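*Asks:* Contents of my_file23.cif (mmCIF, N, CA and C atoms) are below:
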```
data_upload
#
loop_
_atom_site.label_atom_id
_atom_site.label_comp_id
_atom_site.auth_asym_id
_atom_site.auth_seq_id
_atom_site.Cartn_x
_atom_site.Cartn_y
_atom_site.Cartn_z
N MET Z 176 16.53 -19.73 6.67
CA MET Z 176 15.18 -19.33 6.99
C MET Z 176 15.14 -18.17 7.97
N VAL Z 177 16.10 -18.12 8.87
CA VAL Z 177 16.10 -17.09 9.90
C VAL Z 177 16.30 -15.70 9.29
N SER Z 178 17.21 -15.57 8.30
CA SER Z 178 17.43 -14.25 7.73
C SER Z 178 16.17 -13.74 7.04
N LYS Z 179 15.37 -14.65 6.45
CA LYS Z 179 14.10 -14.25 5.85
C LYS Z 179 13.16 -13.76 6.95
N LEU Z 180 13.15 -14.46 8.08
CA LEU Z 180 12.27 -14.07 9.17
C LEU Z 180 12.69 -12.73 9.78
N PHE Z 181 14.00 -12.47 9.86
CA PHE Z 181 14.45 -11.16 10.32
C PHE Z 181 13.97 -10.07 9.37
N GLY Z 182 14.03 -10.35 8.08
CA GLY Z 182 13.52 -9.40 7.09
C GLY Z 182 12.03 -9.14 7.29
N GLU Z 183 11.28 -10.18 7.59
CA GLU Z 183 9.86 -10.02 7.85
C GLU Z 183 9.61 -9.22 9.13
N LEU Z 184 10.46 -9.39 10.12
CA LEU Z 184 10.35 -8.58 11.34
C LEU Z 184 10.58 -7.10 11.05
N ILE Z 185 11.57 -6.83 10.22
CA ILE Z 185 11.85 -5.43 9.84
C ILE Z 185 10.65 -4.84 9.11
N ILE Z 186 10.06 -5.62 8.21
CA ILE Z 186 8.86 -5.15 7.50
C ILE Z 186 7.74 -4.89 8.50
N GLY Z 187 7.58 -5.78 9.48
CA GLY Z 187 6.56 -5.60 10.50
C GLY Z 187 6.77 -4.32 11.30
N ILE Z 188 8.01 -4.04 11.66
CA ILE Z 188 8.32 -2.81 12.40
C ILE Z 188 7.97 -1.59 11.56
N CYS Z 189 8.32 -1.62 10.27
CA CYS Z 189 7.98 -0.51 9.37
C CYS Z 189 6.47 -0.34 9.26
N MET Z 190 5.75 -1.46 9.21
CA MET Z 190 4.28 -1.40 9.14
C MET Z 190 3.70 -0.79 10.41
N ILE Z 191 4.22 -1.17 11.56
CA ILE Z 191 3.71 -0.62 12.83
C ILE Z 191 3.96 0.88 12.89
N ILE Z 192 5.14 1.31 12.48
CA ILE Z 192 5.45 2.75 12.45
C ILE Z 192 4.46 3.47 11.53
N THR Z 193 4.22 2.91 10.35
CA THR Z 193 3.28 3.50 9.40
C THR Z 193 1.87 3.57 9.99
N GLU Z 194 1.45 2.49 10.65
CA GLU Z 194 0.11 2.47 11.22
C GLU Z 194 -0.05 3.49 12.34
N VAL Z 195 0.98 3.66 13.16
CA VAL Z 195 0.92 4.66 14.22
C VAL Z 195 0.83 6.07 13.62
N VAL Z 196 1.64 6.33 12.60
CA VAL Z 196 1.61 7.64 11.95
C VAL Z 196 0.23 7.89 11.33
N LEU Z 197 -0.33 6.88 10.66
CA LEU Z 197 -1.66 7.03 10.05
C LEU Z 197 -2.73 7.27 11.11
N TYR Z 198 -2.63 6.57 12.23
CA TYR Z 198 -3.63 6.76 13.29
C TYR Z 198 -3.54 8.18 13.86
N ILE Z 199 -2.33 8.66 14.06
CA ILE Z 199 -2.16 10.03 14.57
C ILE Z 199 -2.67 11.04 13.55
N ALA Z 200 -2.39 10.78 12.27
CA ALA Z 200 -2.85 11.70 11.22
C ALA Z 200 -4.36 11.67 11.04
N SER Z 201 -4.99 10.57 11.43
CA SER Z 201 -6.44 10.45 11.24
C SER Z 201 -7.24 11.33 12.20
N LYS Z 202 -6.58 11.94 13.16
CA LYS Z 202 -7.31 12.83 14.07
C LYS Z 202 -7.82 14.07 13.34
N ASP Z 203 -7.24 14.38 12.17
CA ASP Z 203 -7.67 15.55 11.41
C ASP Z 203 -8.88 15.26 10.53
N ILE Z 204 -9.27 13.99 10.42
CA ILE Z 204 -10.43 13.62 9.61
C ILE Z 204 -11.69 13.91 10.42
N PRO Z 205 -12.75 14.43 9.78
CA PRO Z 205 -14.00 14.66 10.51
C PRO Z 205 -14.50 13.38 11.18
N LYS Z 206 -15.14 13.53 12.35
CA LYS Z 206 -15.56 12.37 13.15
C LYS Z 206 -16.45 11.41 12.37
N GLN Z 207 -17.34 11.93 11.52
CA GLN Z 207 -18.23 11.06 10.75
C GLN Z 207 -17.45 10.13 9.84
N SER Z 208 -16.40 10.63 9.26
CA SER Z 208 -15.62 9.87 8.29
C SER Z 208 -14.46 9.10 8.91
N ALA Z 209 -14.11 9.39 10.16
CA ALA Z 209 -12.90 8.82 10.75
C ALA Z 209 -13.07 7.41 11.30
N THR Z 210 -14.29 6.99 11.57
CA THR Z 210 -14.49 5.69 12.20
C THR Z 210 -13.95 4.55 11.37
N TYR Z 211 -14.28 4.53 10.09
CA TYR Z 211 -13.85 3.44 9.22
C TYR Z 211 -12.34 3.37 9.08
N PRO Z 212 -11.65 4.47 8.73
CA PRO Z 212 -10.19 4.39 8.61
C PRO Z 212 -9.51 4.01 9.93
N LYS Z 213 -9.99 4.55 11.05
CA LYS Z 213 -9.38 4.22 12.33
C LYS Z 213 -9.58 2.74 12.66
N THR Z 214 -10.73 2.20 12.35
CA THR Z 214 -10.99 0.78 12.57
C THR Z 214 -10.04 -0.07 11.74
N LEU Z 215 -9.85 0.30 10.48
CA LEU Z 215 -8.92 -0.44 9.62
C LEU Z 215 -7.48 -0.34 10.12
N ILE Z 216 -7.09 0.82 10.60
CA ILE Z 216 -5.73 1.00 11.11
C ILE Z 216 -5.52 0.14 12.36
N ILE Z 217 -6.50 0.13 13.25
CA ILE Z 217 -6.39 -0.69 14.46
C ILE Z 217 -6.33 -2.17 14.10
N LEU Z 218 -7.18 -2.61 13.16
CA LEU Z 218 -7.16 -4.00 12.72
C LEU Z 218 -5.81 -4.34 12.09
N ALA Z 219 -5.28 -3.45 11.26
CA ALA Z 219 -3.97 -3.68 10.65
C ALA Z 219 -2.88 -3.78 11.72
N PHE Z 220 -2.97 -2.95 12.75
CA PHE Z 220 -1.99 -2.98 13.84
C PHE Z 220 -2.04 -4.33 14.56
N ILE Z 221 -3.23 -4.81 14.86
CA ILE Z 221 -3.38 -6.10 15.55
C ILE Z 221 -2.83 -7.22 14.68
N LEU Z 222 -3.16 -7.21 13.39
CA LEU Z 222 -2.67 -8.26 12.49
C LEU Z 222 -1.16 -8.19 12.30
N THR Z 223 -0.61 -6.99 12.29
CA THR Z 223 0.84 -6.84 12.18
C THR Z 223 1.53 -7.40 13.42
N CYS Z 224 0.97 -7.13 14.60
CA CYS Z 224 1.54 -7.68 15.83
C CYS Z 224 1.49 -9.21 15.82
N ALA Z 225 0.38 -9.78 15.34
CA ALA Z 225 0.27 -11.24 15.24
C ALA Z 225 1.30 -11.79 14.26
N PHE Z 226 1.50 -11.10 13.15
CA PHE Z 226 2.49 -11.49 12.14
C PHE Z 226 3.90 -11.49 12.75
N MET Z 227 4.21 -10.44 13.49
CA MET Z 227 5.54 -10.35 14.10
C MET Z 227 5.73 -11.40 15.19
N LEU Z 228 4.68 -11.68 15.96
CA LEU Z 228 4.75 -12.71 16.99
C LEU Z 228 5.03 -14.08 16.36
N ARG Z 229 4.38 -14.36 15.23
CA ARG Z 229 4.63 -15.61 14.51
C ARG Z 229 6.08 -15.70 14.06
N CYS Z 230 6.63 -14.60 13.59
CA CYS Z 230 8.04 -14.59 13.16
C CYS Z 230 8.97 -14.87 14.34
N VAL Z 231 8.71 -14.24 15.47
CA VAL Z 231 9.55 -14.45 16.65
C VAL Z 231 9.48 -15.90 17.11
N VAL Z 232 8.28 -16.48 17.12
CA VAL Z 232 8.12 -17.88 17.53
C VAL Z 232 8.89 -18.80 16.57
N GLN Z 233 8.81 -18.53 15.29
CA GLN Z 233 9.55 -19.36 14.32
C GLN Z 233 11.06 -19.22 14.49
N ILE Z 234 11.53 -18.01 14.76
CA ILE Z 234 12.96 -17.81 14.95
C ILE Z 234 13.42 -18.58 16.19
N ARG Z 235 12.67 -18.52 17.26
CA ARG Z 235 13.06 -19.25 18.48
C ARG Z 235 13.00 -20.76 18.26
N LYS Z 236 12.04 -21.21 17.47
CA LYS Z 236 11.86 -22.64 17.23
C LYS Z 236 12.96 -23.21 16.34
N GLU Z 237 13.34 -22.47 15.30
CA GLU Z 237 14.30 -22.97 14.32
C GLU Z 237 15.74 -22.68 14.70
N GLY Z 238 15.96 -21.74 15.57
CA GLY Z 238 17.33 -21.38 15.92
C GLY Z 238 17.95 -20.52 14.82
N PHE Z 239 19.27 -20.41 14.86
CA PHE Z 239 19.98 -19.57 13.90
C PHE Z 239 20.62 -20.44 12.83
N LYS Z 240 19.88 -20.71 11.78
CA LYS Z 240 20.40 -21.47 10.65
C LYS Z 240 20.70 -20.51 9.51
N LYS Z 241 21.82 -20.72 8.88
CA LYS Z 241 22.20 -19.88 7.74
C LYS Z 241 21.49 -20.42 6.51
N GLU Z 242 20.97 -19.55 5.70
CA GLU Z 242 20.31 -19.98 4.48
C GLU Z 242 20.97 -19.34 3.27
N GLU Z 243 20.75 -19.95 2.13
CA GLU Z 243 21.31 -19.41 0.89
C GLU Z 243 20.51 -18.19 0.46
N GLN Z 244 21.19 -17.27 -0.19
CA GLN Z 244 20.52 -16.10 -0.72
C GLN Z 244 19.68 -16.50 -1.93
N THR Z 245 18.43 -16.10 -1.94
CA THR Z 245 17.54 -16.42 -3.06
C THR Z 245 17.00 -15.16 -3.71
N VAL Z 246 17.68 -14.04 -3.52
CA VAL Z 246 17.22 -12.78 -4.09
C VAL Z 246 17.48 -12.79 -5.59
N VAL Z 247 16.44 -12.49 -6.34
CA VAL Z 247 16.55 -12.40 -7.79
C VAL Z 247 17.28 -11.11 -8.13
N PRO Z 248 18.28 -11.19 -9.02
CA PRO Z 248 18.99 -9.96 -9.38
C PRO Z 248 18.03 -8.91 -9.94
N GLY Z 249 18.14 -7.71 -9.44
CA GLY Z 249 17.29 -6.61 -9.90
C GLY Z 249 15.98 -6.48 -9.14
N ALA Z 250 15.68 -7.42 -8.24
CA ALA Z 250 14.41 -7.37 -7.52
C ALA Z 250 14.34 -6.16 -6.60
N ILE Z 251 15.44 -5.84 -5.95
CA ILE Z 251 15.45 -4.69 -5.04
C ILE Z 251 15.27 -3.39 -5.83
N LEU Z 252 15.92 -3.31 -6.98
CA LEU Z 252 15.74 -2.13 -7.83
C LEU Z 252 14.30 -2.02 -8.30
N GLN Z 253 13.68 -3.14 -8.63
CA GLN Z 253 12.28 -3.12 -9.06
C GLN Z 253 11.37 -2.62 -7.95
N VAL Z 254 11.62 -3.02 -6.73
CA VAL Z 254 10.82 -2.55 -5.59
C VAL Z 254 11.02 -1.06 -5.38
N ILE Z 255 12.26 -0.59 -5.48
CA ILE Z 255 12.54 0.83 -5.30
C ILE Z 255 11.85 1.66 -6.37
N ILE Z 256 11.90 1.20 -7.62
CA ILE Z 256 11.23 1.92 -8.71
C ILE Z 256 9.72 1.95 -8.49
N ALA Z 257 9.14 0.83 -8.05
CA ALA Z 257 7.70 0.79 -7.77
C ALA Z 257 7.35 1.76 -6.64
N MET Z 258 8.22 1.88 -5.63
CA MET Z 258 7.98 2.83 -4.55
C MET Z 258 8.04 4.26 -5.05
N VAL Z 259 9.00 4.56 -5.92
CA VAL Z 259 9.12 5.91 -6.49
C VAL Z 259 7.88 6.24 -7.32
N ILE Z 260 7.40 5.28 -8.10
CA ILE Z 260 6.19 5.49 -8.90
C ILE Z 260 5.00 5.78 -7.98
N THR Z 261 4.90 5.04 -6.88
CA THR Z 261 3.81 5.25 -5.93
C THR Z 261 3.90 6.61 -5.26
N ILE Z 262 5.10 7.03 -4.90
CA ILE Z 262 5.29 8.36 -4.30
C ILE Z 262 4.91 9.45 -5.30
N LEU Z 263 5.29 9.28 -6.56
CA LEU Z 263 4.90 10.24 -7.59
C LEU Z 263 3.39 10.31 -7.74
N TYR Z 264 2.73 9.17 -7.64
CA TYR Z 264 1.26 9.12 -7.70
C TYR Z 264 0.65 9.99 -6.60
N VAL Z 265 1.15 9.82 -5.39
CA VAL Z 265 0.62 10.57 -4.25
C VAL Z 265 0.91 12.06 -4.40
N VAL Z 266 2.11 12.41 -4.85
CA VAL Z 266 2.49 13.82 -4.99
C VAL Z 266 1.71 14.50 -6.11
N LEU Z 267 1.48 13.79 -7.21
CA LEU Z 267 0.81 14.40 -8.36
C LEU Z 267 -0.71 14.40 -8.26
N MET Z 268 -1.27 13.62 -7.34
CA MET Z 268 -2.72 13.52 -7.24
C MET Z 268 -3.42 14.87 -7.02
N PRO Z 269 -2.92 15.76 -6.16
CA PRO Z 269 -3.61 17.04 -6.01
C PRO Z 269 -3.63 17.86 -7.30
N TYR Z 270 -2.65 17.68 -8.17
CA TYR Z 270 -2.58 18.45 -9.41
C TYR Z 270 -3.38 17.80 -10.53
N LEU Z 271 -3.28 16.48 -10.66
CA LEU Z 271 -3.98 15.77 -11.73
C LEU Z 271 -5.38 15.35 -11.33
N GLY Z 272 -5.62 15.24 -10.05
CA GLY Z 272 -6.90 14.75 -9.57
C GLY Z 272 -6.86 13.25 -9.37
N PHE Z 273 -7.80 12.75 -8.57
CA PHE Z 273 -7.84 11.32 -8.26
C PHE Z 273 -8.08 10.48 -9.51
N ILE Z 274 -9.02 10.87 -10.33
CA ILE Z 274 -9.41 10.05 -11.47
C ILE Z 274 -8.26 9.88 -12.45
N ILE Z 275 -7.68 10.96 -12.90
CA ILE Z 275 -6.60 10.88 -13.90
C ILE Z 275 -5.36 10.22 -13.31
N SER Z 276 -4.96 10.62 -12.11
CA SER Z 276 -3.74 10.05 -11.53
C SER Z 276 -3.90 8.57 -11.23
N THR Z 277 -5.09 8.13 -10.80
CA THR Z 277 -5.29 6.71 -10.51
C THR Z 277 -5.33 5.89 -11.79
N LEU Z 278 -5.93 6.42 -12.83
CA LEU Z 278 -5.91 5.72 -14.13
C LEU Z 278 -4.47 5.53 -14.62
N ILE Z 279 -3.69 6.59 -14.59
CA ILE Z 279 -2.31 6.52 -15.05
C ILE Z 279 -1.49 5.61 -14.15
N TYR Z 280 -1.64 5.76 -12.84
CA TYR Z 280 -0.86 4.95 -11.89
C TYR Z 280 -1.17 3.47 -12.03
N SER Z 281 -2.45 3.11 -12.01
CA SER Z 281 -2.78 1.68 -12.04
C SER Z 281 -2.36 1.05 -13.36
N PHE Z 282 -2.53 1.75 -14.48
CA PHE Z 282 -2.06 1.22 -15.75
C PHE Z 282 -0.53 1.11 -15.74
N GLY Z 283 0.15 2.17 -15.29
CA GLY Z 283 1.61 2.19 -15.31
C GLY Z 283 2.23 1.13 -14.41
N ILE Z 284 1.70 0.95 -13.21
CA ILE Z 284 2.30 -0.01 -12.29
C ILE Z 284 2.03 -1.43 -12.77
N MET Z 285 0.85 -1.67 -13.34
CA MET Z 285 0.55 -3.00 -13.89
C MET Z 285 1.50 -3.32 -15.04
N PHE Z 286 1.69 -2.35 -15.91
CA PHE Z 286 2.57 -2.57 -17.07
C PHE Z 286 4.01 -2.76 -16.61
N TYR Z 287 4.45 -1.93 -15.67
CA TYR Z 287 5.83 -2.03 -15.17
C TYR Z 287 6.10 -3.38 -14.51
N LEU Z 288 5.13 -3.89 -13.78
CA LEU Z 288 5.31 -5.16 -13.08
C LEU Z 288 5.08 -6.38 -13.97
N GLY Z 289 4.87 -6.16 -15.25
CA GLY Z 289 4.86 -7.27 -16.19
C GLY Z 289 3.53 -7.68 -16.77
N MET Z 290 2.46 -7.00 -16.44
CA MET Z 290 1.16 -7.34 -17.00
C MET Z 290 1.12 -6.94 -18.47
N ARG Z 291 0.83 -7.91 -19.35
CA ARG Z 291 0.78 -7.63 -20.78
C ARG Z 291 -0.56 -8.02 -21.39
N ASN Z 292 -1.50 -8.46 -20.56
CA ASN Z 292 -2.83 -8.82 -21.04
C ASN Z 292 -3.59 -7.53 -21.37
N ILE Z 293 -3.90 -7.34 -22.63
CA ILE Z 293 -4.52 -6.09 -23.10
C ILE Z 293 -5.86 -5.85 -22.40
N PHE Z 294 -6.67 -6.89 -22.27
CA PHE Z 294 -7.98 -6.72 -21.63
C PHE Z 294 -7.83 -6.25 -20.18
N ALA Z 295 -6.89 -6.83 -19.46
CA ALA Z 295 -6.67 -6.42 -18.06
C ALA Z 295 -6.15 -4.99 -18.00
N LEU Z 296 -5.23 -4.63 -18.89
CA LEU Z 296 -4.68 -3.28 -18.90
C LEU Z 296 -5.73 -2.23 -19.27
N VAL Z 297 -6.74 -2.63 -20.03
CA VAL Z 297 -7.79 -1.70 -20.44
C VAL Z 297 -8.93 -1.65 -19.42
N LEU Z 298 -9.25 -2.78 -18.79
CA LEU Z 298 -10.42 -2.84 -17.91
C LEU Z 298 -10.12 -2.57 -16.43
N VAL Z 299 -8.98 -3.01 -15.93
CA VAL Z 299 -8.71 -2.90 -14.50
C VAL Z 299 -8.51 -1.45 -14.04
N PRO Z 300 -7.69 -0.63 -14.71
CA PRO Z 300 -7.52 0.76 -14.22
C PRO Z 300 -8.82 1.55 -14.10
N PRO Z 301 -9.71 1.53 -15.12
CA PRO Z 301 -10.98 2.25 -14.91
C PRO Z 301 -11.83 1.62 -13.80
N GLY Z 302 -11.79 0.30 -13.68
CA GLY Z 302 -12.56 -0.37 -12.63
C GLY Z 302 -12.08 0.01 -11.24
N VAL Z 303 -10.77 0.01 -11.05
CA VAL Z 303 -10.18 0.40 -9.76
C VAL Z 303 -10.51 1.86 -9.46
N THR Z 304 -10.41 2.70 -10.46
CA THR Z 304 -10.67 4.13 -10.28
C THR Z 304 -12.13 4.38 -9.90
N LEU Z 305 -13.05 3.77 -10.64
CA LEU Z 305 -14.47 3.97 -10.35
C LEU Z 305 -14.86 3.39 -8.98
N PHE Z 306 -14.31 2.23 -8.64
CA PHE Z 306 -14.59 1.62 -7.35
C PHE Z 306 -14.08 2.53 -6.22
N GLY Z 307 -12.85 2.99 -6.33
CA GLY Z 307 -12.29 3.89 -5.32
C GLY Z 307 -13.07 5.17 -5.20
N TYR Z 308 -13.44 5.75 -6.33
CA TYR Z 308 -14.21 7.00 -6.32
C TYR Z 308 -15.55 6.79 -5.63
N PHE Z 309 -16.22 5.69 -5.97
CA PHE Z 309 -17.52 5.40 -5.37
C PHE Z 309 -17.41 5.19 -3.87
N VAL Z 310 -16.44 4.38 -3.45
CA VAL Z 310 -16.29 4.08 -2.02
C VAL Z 310 -15.99 5.35 -1.23
N PHE Z 311 -15.04 6.14 -1.69
CA PHE Z 311 -14.66 7.32 -0.92
C PHE Z 311 -15.72 8.40 -0.95
N ASN Z 312 -16.29 8.70 -2.13
CA ASN Z 312 -17.26 9.80 -2.22
C ASN Z 312 -18.64 9.42 -1.74
N SER Z 313 -19.14 8.25 -2.10
CA SER Z 313 -20.53 7.89 -1.81
C SER Z 313 -20.72 7.19 -0.47
N ILE Z 314 -19.76 6.40 -0.04
CA ILE Z 314 -19.93 5.64 1.19
C ILE Z 314 -19.25 6.34 2.38
N LEU Z 315 -17.99 6.74 2.19
CA LEU Z 315 -17.23 7.34 3.30
C LEU Z 315 -17.36 8.86 3.37
N TYR Z 316 -17.90 9.48 2.33
CA TYR Z 316 -18.02 10.93 2.25
C TYR Z 316 -16.68 11.63 2.41
N ILE Z 317 -15.65 11.03 1.84
CA ILE Z 317 -14.33 11.65 1.79
C ILE Z 317 -14.14 12.08 0.34
N PHE Z 318 -14.12 13.37 0.11
CA PHE Z 318 -14.05 13.87 -1.25
C PHE Z 318 -12.60 13.91 -1.72
N LEU Z 319 -12.37 13.30 -2.84
CA LEU Z 319 -11.02 13.13 -3.38
C LEU Z 319 -10.62 14.35 -4.20
N PRO Z 320 -9.31 14.54 -4.38
CA PRO Z 320 -8.83 15.70 -5.15
C PRO Z 320 -9.38 15.68 -6.58
N ARG Z 321 -9.81 16.86 -7.05
CA ARG Z 321 -10.33 16.98 -8.41
C ARG Z 321 -9.23 17.34 -9.40
N GLY Z 322 -8.21 17.99 -8.92
CA GLY Z 322 -7.11 18.37 -9.79
C GLY Z 322 -7.38 19.66 -10.54
N ILE Z 323 -6.43 20.04 -11.35
CA ILE Z 323 -6.52 21.29 -12.10
C ILE Z 323 -7.56 21.20 -13.21
N ILE Z 324 -7.66 20.05 -13.86
CA ILE Z 324 -8.55 19.89 -15.01
C ILE Z 324 -10.02 19.97 -14.58
N PHE Z 325 -10.39 19.22 -13.54
CA PHE Z 325 -11.79 19.18 -13.10
C PHE Z 325 -12.07 20.16 -11.98
N GLY Z 326 -11.04 20.87 -11.50
CA GLY Z 326 -11.10 21.74 -10.34
C GLY Z 326 -12.10 22.81 -10.46
#
```
Since I need it in another form, could you write the structure as structure tokens?

*Replies:*
Amino acid sequence: MVSKLFGELIIGICMIITEVVLYIASKDIPKQSATYPKTLIILAFILTCAFMLRCVVQIRKEGFKKEEQTVVPGAILQVIIAMVITILYVVLMPYLGFIISTLIYSFGIMFYLGMRNIFALVLVPPGVTLFGYFVFNSILYIFLPRGIIFG
């Protein structure tokens, strides 16, 4: 159990680093639009600290017990491939635009991770895309990349 908790601590540290970087980067967002993202980043930071505190308490409580490895073969490769797909999504978004890249990404990641329900594969990507577009453009007034096609 302890090695799992150490892994969770490492994830927590990575999350805190990411949250600090996002908070620093959010200073470039206009003041009207920055309140919501900064609030979410601060909330995520607080929850991450609570998560890490829980891990430390469990490690101290349980001591150092060795546990069996339960990693599924290929799981790490699957995570790495999903990360590469996500990075490609972010890199290609300025060129393809938010709508096209999000449709392709959400369909592709769902299919890659094993979703084979046709209705979900057809309905969820447009739903996620429209919801994201509405939230960012209409509520937060953060205009998303249009890409070359709609540019």

*Asks:* Restricting the calculation to all atoms listed in the file, which member of Z:Ala250, Z:Leu267, Z:Lys213, Z:Ser208 is positioned closest to Tyr316 of chain Z?

*Replies:*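 Smallest distance to Tyr316 of chain Z is found for Z:Ser208.
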
*Asks:* Distance atom CA of Phe294 of chain Z-atom N of Ile279 of chain Z, one decimal place?

*Replies:*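 Result for atom CA of Phe294 of chain Z versus atom N of Ile279 of chain Z: 15.7 Å, one decimal.
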
*Asks:* Hey, what comes out of the PyMOL selection byres ((chain Z and resi 298-305) around 6.5) on this file? Could you write it as an mmCIF file with N, CA and C atoms, keeping the file's coordinate frame?

*Replies:*
```cif
data_model
loop_
_atom_site.group_PDB
_atom_site.id
_atom_site.type_symbol
_atom_site.label_atom_id
_atom_site.label_comp_id
_atom_site.auth_asym_id
_atom_site.auth_seq_id
_atom_site.Cartn_x
_atom_site.Cartn_y
_atom_site.Cartn_z
ATOM 1 N N ILE Z 274 -9.020 10.870 -10.330
ATOM 2 C CA ILE Z 274 -9.410 10.050 -11.470
ATOM 3 C C ILE Z 274 -8.260 9.880 -12.450
ATOM 4 N N THR Z 277 -5.090 8.130 -10.800
ATOM 5 C CA THR Z 277 -5.290 6.710 -10.510
ATOM 6 C C THR Z 277 -5.330 5.890 -11.790
ATOM 7 N N LEU Z 278 -5.930 6.420 -12.830
ATOM 8 C CA LEU Z 278 -5.910 5.720 -14.130
ATOM 9 C C LEU Z 278 -4.470 5.530 -14.620
ATOM 10 N N SER Z 281 -2.450 3.110 -12.010
ATOM 11 C CA SER Z 281 -2.780 1.680 -12.040
ATOM 12 C C SER Z 281 -2.360 1.050 -13.360
ATOM 13 N N PHE Z 282 -2.530 1.750 -14.480
ATOM 14 C CA PHE Z 282 -2.060 1.220 -15.750
ATOM 15 C C PHE Z 282 -0.530 1.110 -15.740
ATOM 16 N N ILE Z 293 -3.900 -7.340 -22.630
ATOM 17 C CA ILE Z 293 -4.520 -6.090 -23.100
ATOM 18 C C ILE Z 293 -5.860 -5.850 -22.400
ATOM 19 N N PHE Z 294 -6.670 -6.890 -22.270
ATOM 20 C CA PHE Z 294 -7.980 -6.720 -21.630
ATOM 21 C C PHE Z 294 -7.830 -6.250 -20.180
ATOM 22 N N ALA Z 295 -6.890 -6.830 -19.460
ATOM 23 C CA ALA Z 295 -6.670 -6.420 -18.060
ATOM 24 C C ALA Z 295 -6.150 -4.990 -18.000
ATOM 25 N N LEU Z 296 -5.230 -4.630 -18.890
ATOM 26 C CA LEU Z 296 -4.680 -3.280 -18.900
ATOM 27 C C LEU Z 296 -5.730 -2.230 -19.270
ATOM 28 N N VAL Z 297 -6.740 -2.630 -20.030
ATOM 29 C CA VAL Z 297 -7.790 -1.700 -20.440
ATOM 30 C C VAL Z 297 -8.930 -1.650 -19.420
ATOM 31 N N PHE Z 306 -14.310 2.230 -8.640
ATOM 32 C CA PHE Z 306 -14.590 1.620 -7.350
ATOM 33 C C PHE Z 306 -14.080 2.530 -6.220
ATOM 34 N N GLY Z 307 -12.850 2.990 -6.330
ATOM 35 C CA GLY Z 307 -12.290 3.890 -5.320
ATOM 36 C C GLY Z 307 -13.070 5.170 -5.200
ATOM 37 N N TYR Z 308 -13.440 5.750 -6.330
ATOM 38 C CA TYR Z 308 -14.210 7.000 -6.320
ATOM 39 C C TYR Z 308 -15.550 6.790 -5.630
ATOM 40 N N PHE Z 309 -16.220 5.690 -5.970
ATOM 41 C CA PHE Z 309 -17.520 5.400 -5.370
ATOM 42 C C PHE Z 309 -17.410 5.190 -3.870
ATOM 43 N N VAL Z 310 -16.440 4.380 -3.450
ATOM 44 C CA VAL Z 310 -16.290 4.080 -2.020
ATOM 45 C C VAL Z 310 -15.990 5.350 -1.230
#
```

*Asks:* I'd like a table as CSV: residues in segment 253-279 of chain Z with an atom no more than 8 Å from segment 319-326 of chain Z, each row giving the shortest atom pair and its distance in Å to one decimal, only N, CA and C atoms counted, sorted by chain and rising residue number.

*Replies:*
```
residue,atom,partner,partner_atom,distance
Z:Leu267,C,Z:Gly322,CA,7.7
Z:Met268,C,Z:Pro320,CA,5.8
Z:Pro269,C,Z:Gly322,CA,4.3
Z:Tyr270,C,Z:Gly322,CA,3.8
Z:Leu271,C,Z:Gly322,CA,3.8
Z:Gly272,N,Z:Gly322,CA,3.5
Z:Phe273,N,Z:Pro320,C,3.9
Z:Ile274,N,Z:Pro320,C,6.1
Z:Ile275,N,Z:Arg321,C,7.4
```

*Asks:* Closest to Ala219 of chain Z among Z:Ile262, Z:Ile199, Z:Met190, Z:Ile204, using only C-alpha atoms?

*Replies:*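 So, comparing all the options, the nearest one is Z:Met190.
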
*Asks:* Between Z:Leu252, Z:Val266, Z:Cys230, Z:Ile314, single out the one closest to Phe181 of chain Z, counting only N, CA and C atoms.

*Replies:*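 Nearest candidate to Phe181 of chain Z out of Z:Leu252, Z:Val266, Z:Cys230, Z:Ile314: Z:Cys230.
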
*Asks:* Where does DSSP see helix (DSSP H, G or I) in segment 201-248 of chain Z, if you list the residues as a PyMOL selection string?

*Replies:* chain Z and resi 201-203+206-237

*Asks:* Atom CA of Cys224 of chain Z and atom CA of Leu197 of chain Z, how far apart in Å?

*Replies:*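 Between atom CA of Leu197 of chain Z and atom CA of Cys224 of chain Z the gap works out to 16.1 Å.
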
*Asks:* Compare Z:Ile221, Z:Val265, Z:Leu288, Z:Leu180 by their minimum atom-to-atom distance to Gln253 of chain Z, counting only C-alpha atoms, and give me the closest one.

*Replies:*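 Under the stated criterion, the closest residue is Z:Leu288.
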
*Asks:* For the atom pair atom N of Lys236 of chain Z and atom CA of Leu218 of chain Z, what is the interatomic distance in Å to one decimal place?

*Replies:*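 Pair atom N of Lys236 of chain Z / atom CA of Leu218 of chain Z returns 26.2 Å.
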
*Asks:* Nearest to Leu263 of chain Z: which of Z:Ile284, Z:Leu315, Z:Ile216, Z:Met290 is it, counting only C-alpha atoms?

*Replies:*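 For Leu263 of chain Z, the nearest of the candidates is Z:Ile284.
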
*Asks:* Would you be able to write out as a list in words which residues have an atom within 8 Å of (9.1, -17.7, 9.7) in the file's coordinates, counting all atoms listed in the file?

*Replies:*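 Every residue inside that radius is included here: Met176, Val177, Lys179, Leu180, Phe181, Glu183, Arg229, Cys230, Val231, Val232, Gln233 and Ile234 of chain Z.
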
*Asks:* Taking all atoms of segment 285-300 of chain Z that the file lists and extending 4 Å past them on each side, where is the centre of the axis-aligned box and how long are its edges? Answer in Å to one decimal, as JSON.

*Replies:*
```
{"center_x": -2.2, "center_y": -3.6, "center_z": -18.1, "size_x": 24.5, "size_y": 18.4, "size_z": 18.0}
```
